[in-house]
Every structure is written in C-alpha cells, then in structure tokens.
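Accompanying notes for the structure given below.
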Amino acid sequence: MKRILFLVNTGEISSNANGGASVYYSHLELLYKAGFDVDVLALQWSNNNQFLEEDYKEIVGFVKSINTLKIESKKPKKNIKRLLNAVFRPEKFEYYFLNTRNKENLQKIITKNKADLLWCEWRWAAILAGFSQLKTPIIYAHHDWEYKLARLRSKRTLIQKFHTFQKKRVEYKLVKIVNGSTSGSYTETREIEKISLKKSLYIPTTYDKITPTLKASKPPNIIHLGGMGTTANRLGLERFLDVCWKQILANNPNVKLIVVGGLKQASPELLKKLKGKNIVCKGFVKDLNTVLRPNDIHIIPWEYNTGTRTRIPVVLNYEQALVATKESVKAFPELIHNKNAILCSDLEHMSKEINSLIQNSKEIEKLSSEGKKTFIEYFTVNNHVRRLNKYITELL
C-alpha cells in the first residue's frame, strides 16, 4: 500500500471549523477511503503556530500518525545575492523558510516514514517541498492564487505591487515543478493545467450528508456563513450591507439577516454596520444544525472568481436556497441558474432577486430541493474516491 506524507499548517482539522480546516478534513477522508496510508506532518511556521494534539482528534481514524515540524526562517542580508534572487530565484527572495536546515529536516521525515508521495496543503507547504529539490513526488493541493487576492486590496504601494508580481512568478513556477495539483475550483484547475501543462484534478470540498433538524422560518431568513478572517466573507458581507440590505429591509421589514461566523477580524466599519436593524450575529457555531434552517435564503455576495467557496456544499446540504453572484461561484460548474441556485450579475441584481424570492415560497422550496440533489450527486466523498485513486496511481 502506498504511503503519503500529508503536509499541512498547524491548527484544527475539522469539517466545521473554517474553510481551510474543512478542505483538510475532506482531503484526508478521501485519501483514506481511496486506500492510502497517510501520515500527517503539521508545520509550525512561527512560534504562534502551536501544535496541539486536540486539533486532530477528528481525523485520527483516517491517518497512521500525526507529527509536527518547526520551520526555521532567517531574514536574508541586503546584498548582491539578494538582488540576484529577486531576478532569478523569486521563491528565495520572497520566502525565508527555503533553506538547507528545513530541507534536511523534511528529508529525514520523508525517509523515516518511507513516504511514496508528498501531499502539500496550501501554498507554503507546497513551496517548502517543491523548491527543496526532493526526489519524492509532490501533489500540490491548491486553495487559491495569492497574487489575485493581493490585487483586490484597495490601496497598494509600489513595493507591495512588486512583491505581488514576485509571488505570481513563484506561484506559476510552483505548479510547473510539482508532479500534480488538485483544486476545489474548476476554473482554477483549468488555469493550473494551462500554466503547468500537466493534468490537474478538480475535487470540491466534500461533506457527510445531513438531515436538518430545525423547521423552516416564515418569512425566510437571509443567511451569511463564514468567519471574517476570509477576505471573500469580510468584503462580500460589507458590500452586501452597503448595496443590498437597505432595499431588502424596506421591502420586507420582518426579514432577518443572520450572520454565522467569527467576527474577530471584521473591520470597525463592518462591526458598526452589523449593529443595524434586524441583523443577528451568531458568532462561530460548532453545530450548524442549531442555526441553519431549510428553505432560508443563503447569500454569497463576493464579486470575484477567486479560490473556492467551501460553504457552497454546506448550503446545499442544509437545503437552503442559494443566491450568489455569478463571479463568486464560477468555480462550481454544478450550479445552474434557476435550477439549484439564483446566480446574479451584480449586487443590485441580487437585491431584486432576494426581494422576489422572499415572496415566493414555492421557488425557495424548489431551489432547496434541487440543491440537496446536487449535493448528494457531486459533494459527497464517494463521488470522488475513484477519481483521486486513479490520479495518484498514475502519478506514481
């Protein structure tokens, strides 16, 4: 049986902690059910990234072992070598953890675990392994393009723009040197294939099928799910409040906006807006069955096609009517306008669609029912086990 060393950031791995944790959990479950032996290596990137055994209690049944590695970083001196790296080796210029010590420590663990393959979650783990010139094959589990997210910042200095350009060079170089890649975004899977000239595998985040326990609300609530530490959640929600909420509330004075997710990284401006009329902030909720009702209207107001929206399968699983901007869900070819979701051209369009939907309970029920069917067909583990096994087997 082939053995996989699974490189991942330290922190909780769970199907309901945050988007990243959900992806990690999904991938580990898939690898386990695909018949591979998996050893987890949790990477501590700084003293703030503490390794806690309790963070991994939900995945012990999927893996053979769980260990950790402290990554050492050393800021380089400003000299001619650094200038040469800026031109010829952007990965060394941008990422200070690419050094001989970390390479040797990683190689020792690979040898000890007799790993046949490295599975690297998120870009830092993939950069560490990919640019360490290891002989072991590498799969990069791609989450998003960092350079694309950086470009969305409203104000950037010339230096910030330069670093964004360098990171784009690194990201493009990375997908070329690894042996294979996976992505939870269909569009980014195709982008990776075009850049790398290698086959990449689209695997959306998977979840176990659930049956909602709460009863539907009348009128339906409007739901926004996701912590404010994620750029798409934070900026998308603020734009919804600025563009849509006042108009929706004027037409439907009894409707509530329920915000589920941690607010720790919300801006002061956003926190102020969340104190508005009929807005209920639940904070982080471990058991979503206590807050997500079937036939509620679930919004994704992010206006860009970046990364993957890990909560979309959750929305469909809980039988809620999804209303999203077209750009935010381009990553999911499974979503079809007016069949299992309402896809809006912009936020003004979203306001109109939500106002109409609130008054049309039959349409909400149809969208919720079709969404559940879509979830069962595309977003459960068994849909992807054979594809993943085949992809890895061919690489090895």
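Just so we're on the same page: first chain in the structure tokens is A, next is B, and so on; residues restart at 1 for each chain, and ligands are numbered from 1 in the order they show up.
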
Checklist entry - Taking the backbone alone, and naming residues the way the document does, which bits of stretch 142-200 of chain A are strand (DSSP E) by DSSP, as a PyMOL selection string? => result chain A and resi 142+180-183+200

Next on the checklist: List as a VMD selection string the protein and nucleic acid residues near A:Trp45, meaning an atom at most 12 Å away when only C-alpha atoms are counted, but skip any in the same chain fewer than 2 places from it.
Outcome noted: chain A and resid 8 to 11 42 to 43 47 to 51 68 to 74 95 to 98 102 124 to 125 128

Prev. selection, N, CA and C atoms, output as a JSON list (two decimals), in the first residue's frame:
[["chain", "number", "residue", "atom", "x", "y", "z"],
["A", 8, "VAL", "N", 0.65, 19.98, 6.19],
["A", 8, "VAL", "CA", -0.47, 20.89, 6.44],
["A", 8, "VAL", "C", -0.08, 21.88, 7.53],
["A", 9, "ASN", "N", -0.69, 23.04, 7.53],
["A", 9, "ASN", "CA", -0.44, 24.02, 8.59],
["A", 9, "ASN", "C", -0.97, 23.49, 9.92],
["A", 10, "THR", "N", -0.33, 23.88, 11.02],
["A", 10, "THR", "CA", -0.87, 23.53, 12.33],
["A", 10, "THR", "C", -2.24, 24.19, 12.51],
["A", 11, "GLY", "N", -3.06, 23.57, 13.33],
["A", 11, "GLY", "CA", -4.40, 24.10, 13.59],
["A", 11, "GLY", "C", -5.43, 23.00, 13.47],
["A", 42, "ALA", "N", 2.26, 18.29, 10.64],
["A", 42, "ALA", "CA", 1.75, 19.64, 10.90],
["A", 42, "ALA", "C", 2.93, 20.61, 10.99],
["A", 43, "LEU", "N", 2.93, 21.62, 10.12],
["A", 43, "LEU", "CA", 4.04, 22.56, 10.02],
["A", 43, "LEU", "C", 3.80, 23.78, 10.89],
["A", 47, "ASN", "N", 6.36, 30.81, 16.11],
["A", 47, "ASN", "CA", 6.07, 30.47, 17.50],
["A", 47, "ASN", "C", 4.59, 30.60, 17.82],
["A", 48, "ASN", "N", 3.86, 31.33, 16.98],
["A", 48, "ASN", "CA", 2.42, 31.50, 17.20],
["A", 48, "ASN", "C", 1.63, 30.29, 16.71],
["A", 49, "ASN", "N", 2.26, 29.45, 15.88],
["A", 49, "ASN", "CA", 1.58, 28.26, 15.36],
["A", 49, "ASN", "C", 1.89, 27.07, 16.25],
["A", 50, "GLN", "N", 1.17, 26.95, 17.34],
["A", 50, "GLN", "CA", 1.42, 25.87, 18.29],
["A", 50, "GLN", "C", 0.75, 24.57, 17.86],
["A", 51, "PHE", "N", 1.46, 23.48, 18.06],
["A", 51, "PHE", "CA", 0.93, 22.15, 17.76],
["A", 51, "PHE", "C", 0.17, 21.62, 18.96],
["A", 68, "THR", "N", 4.79, 16.77, 14.02],
["A", 68, "THR", "CA", 4.93, 18.19, 13.72],
["A", 68, "THR", "C", 6.38, 18.53, 13.39],
["A", 69, "LEU", "N", 6.55, 19.64, 12.69],
["A", 69, "LEU", "CA", 7.89, 20.12, 12.33],
["A", 69, "LEU", "C", 7.91, 21.64, 12.47],
["A", 70, "LYS", "N", 8.87, 22.14, 13.23],
["A", 70, "LYS", "CA", 9.05, 23.58, 13.36],
["A", 70, "LYS", "C", 9.89, 24.09, 12.19],
["A", 71, "ILE", "N", 9.35, 25.07, 11.49],
["A", 71, "ILE", "CA", 10.03, 25.63, 10.34],
["A", 71, "ILE", "C", 10.87, 26.83, 10.77],
["A", 72, "GLU", "N", 12.12, 26.85, 10.31],
["A", 72, "GLU", "CA", 13.02, 27.94, 10.66],
["A", 72, "GLU", "C", 13.12, 28.94, 9.51],
["A", 73, "SER", "N", 12.98, 30.21, 9.85],
["A", 73, "SER", "CA", 13.11, 31.28, 8.85],
["A", 73, "SER", "C", 14.18, 32.27, 9.30],
["A", 74, "LYS", "N", 14.96, 32.72, 8.34],
["A", 74, "LYS", "CA", 16.01, 33.69, 8.65],
["A", 74, "LYS", "C", 16.00, 34.77, 7.58],
["A", 95, "TYR", "N", 10.40, 33.96, 0.20],
["A", 95, "TYR", "CA", 10.08, 33.03, 1.28],
["A", 95, "TYR", "C", 11.35, 32.63, 2.02],
["A", 96, "TYR", "N", 11.49, 33.14, 3.23],
["A", 96, "TYR", "CA", 12.72, 32.98, 4.00],
["A", 96, "TYR", "C", 12.87, 31.58, 4.61],
["A", 97, "PHE", "N", 11.84, 30.73, 4.49],
["A", 97, "PHE", "CA", 11.94, 29.38, 5.04],
["A", 97, "PHE", "C", 12.59, 28.40, 4.07],
["A", 98, "LEU", "N", 12.95, 28.87, 2.88],
["A", 98, "LEU", "CA", 13.64, 27.99, 1.93],
["A", 98, "LEU", "C", 15.13, 28.00, 2.25],
["A", 102, "ASN", "N", 15.72, 23.40, 6.84],
["A", 102, "ASN", "CA", 14.36, 22.89, 6.67],
["A", 102, "ASN", "C", 14.30, 21.75, 5.67],
["A", 124, "TRP", "N", 2.25, 27.50, 1.10],
["A", 124, "TRP", "CA", 3.53, 27.48, 1.81],
["A", 124, "TRP", "C", 4.11, 26.07, 1.91],
["A", 125, "ALA", "N", 3.26, 25.10, 2.25],
["A", 125, "ALA", "CA", 3.73, 23.71, 2.33],
["A", 125, "ALA", "C", 4.25, 23.26, 0.97],
["A", 128, "LEU", "N", 7.61, 24.98, 0.24],
["A", 128, "LEU", "CA", 8.67, 24.34, 1.01],
["A", 128, "LEU", "C", 9.13, 23.04, 0.35]]

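Closest approach to A:Leu395 from the set A:Glu146, A:Asp242, A:Asp116, A:Glu191 is made by A:Asp116, with distances taken over only C-alpha atoms.
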
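The coordinates place atom CA of A:Ile4 at 28.6 Å from atom CA of A:Arg89.
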
Item to check | Residue with smallest distance to A:Leu149 - pool A:Lys168, A:Leu316, A:His337, A:Leu322, counting only C-alpha atoms | outcome: A:Lys168

Next on the checklist: Show me, as number ranges by chain, the residues that have an atom within 12 Å of A:Leu83 when counting only C-alpha atoms, minus same-chain residues fewer than 6 positions from it.
Outcome noted: A: 76-77, 89-90, 92-94

Write to file, as a PDB file, in the first residue's frame, the residues of the selection just made, with C-alpha atoms.
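Just written: again28.pdb:
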ATOM      1  CA  PRO A  76      18.492  37.485   4.413  1.00  0.00           C
ATOM      2  CA  LYS A  77      21.027  40.272   4.250  1.00  0.00           C
ATOM      3  CA  ARG A  89      15.014  32.913  -7.832  1.00  0.00           C
ATOM      4  CA  PRO A  90      11.888  34.773  -6.696  1.00  0.00           C
ATOM      5  CA  LYS A  92      14.175  32.542  -2.299  1.00  0.00           C
ATOM      6  CA  PHE A  93      13.586  36.277  -2.457  1.00  0.00           C
ATOM      7  CA  GLU A  94      10.034  36.042  -1.041  1.00  0.00           C
TER       8      GLU A  94
END
